[in-house]
Amino acid sequence: MFPTEIVDIIVGHLHDDRQSLLSCAAVSPTWSVSSRYHLFHAITIWVPVDINAREEAGLNGAVRTFESPLGSQCRSFVRKCYLASDSGSHYGATECAIELPTLGRLLKMLFRLETLCTMGISWPAPSLDCTAIPTSASVTTLLVCRTEPPLSYDPEPLFRDIKDGLEVLRLLPALKTLGTVRSHWVVGPTPGPGGPTVEPPPFPSELKLENLDLRTTGPARILIDYAINKLDFSSLTSLSIWSFYTEDMPSIGRLLCAAANSLKYLQLRLTNVVFYDFDDEPEPGEICQELCISGCSKLETLQLYVPTDQTISPAIDYVPYLDIASAILATLPLSVRNITLALDTNVQEDDLLDAFDQTAWEDQIRVYQRLPDLKSVAFLSGESTTSQLYKMPSEAMEYVATTLSVLQPQVTLRFDVL
């Protein structure tokens, strides 16, 4: 027989070949253990849209499986769990709602689970005492996604109430990363005067998020304001907000204040931030101060997604997005070392050059020169719906390099994707 270490190497080469792994599992107990690590490293549990089928399948079926003698031998190998709706043609908040107590039972059994990803799944707040629900001491990453509806479809909120959406965090006191994947997390408003009046108990004191990737559609302030009052953000080191409006800035500022002594990475996408160039309208500099970025004394890296193709009627004067970016840059703390401006890829090079011609570059140069530890400024192309970055067109790169040449050699201008 081969030593265990050699068996692990051999079986490891078959990581993506399920049929071969099943064959290896039948060789001997040693080969079986090595094979199970790969066979059950990541599992997918399909939740039926048909409510009548959920008693036998979905979460209930998974709980019974892992309670069985054979299933109990596989619990320790599960590191990732995907919980998904079994239909890609249904959207909304109710067609795949699960019960949090049942999810808690499953997570308790999968005692080495690290990542939980839900896709097109929602959950109502439990009606029973939250302290009676089993919790997981191992899950550190939660990814909440919704199935992607057709572009013409106006999506119903994945969660009818923000309180429901965050209730799952009670099951995950060790959680460090909360994010979304591939699609926006749509949430509904908190209840009005006629809604529930019972205040839920506090979240676990040990729950301290370190990474937050917030991709909501609709007003981000509703979710942010509720989260600030309920969660501890004093350990937050990375924050990405993919969609917010001008009126959301004060709420984002309160979140940044809560993470002021820990935040090191900040990504903002300015897609829905619009300032009209009217006499009675506030200046971008005034509103951008409400982001309170200047108070983030540990901030090292800022990435801004900057649209350059405005959809507002040409008859309306608006502040160019690059000038809005300059107003945000003017509020940066002196600790910042790296800045990335990701410019819209959906415009022609001529349009991009026109946007550059309208930019107050003197303001940006002053911003960069006032940051003593600034090491690099990157100008790249980016997409509004993904985090993918690309090189800008060559003429646009030459324009920026010439305009900002005064910053070198103290600051490195980058146009490459690291």
# chains A, B, ... in the order shown; residues from 1 in each chain; ligands from 1
>>> residues_around(residues="Pro126 in chain A", least_positions_apart="3", cutoff="10 Å", atoms="only C-alpha atoms", output="ChimeraX atom specification")
/A:99-101,123,129-130,133,164,167-168
>>> residues_around(residues="range 25-37 of chain A", least_positions_apart="4", cutoff="12 Å", atoms="only C-alpha atoms", output="JSON, numbers by chain")
{"A": [1, 2, 3, 4, 5, 6, 7, 8, 9, 10, 11, 12, 13, 14, 15, 16, 17, 18, 19, 20, 21, 41, 42, 43, 70, 71, 73, 74, 75, 76, 77, 78, 79, 80, 112]}
>>> select_by_dssp(residues="range 236-282 of chain A", states="alpha helix (DSSP H)", output="count of residues only")
10
>>> closest_residue(among="A:Val400, A:Ile293, A:Cys145, A:Val306", to="Leu334 in chain A", atoms="only C-alpha atoms")
A:Ile293
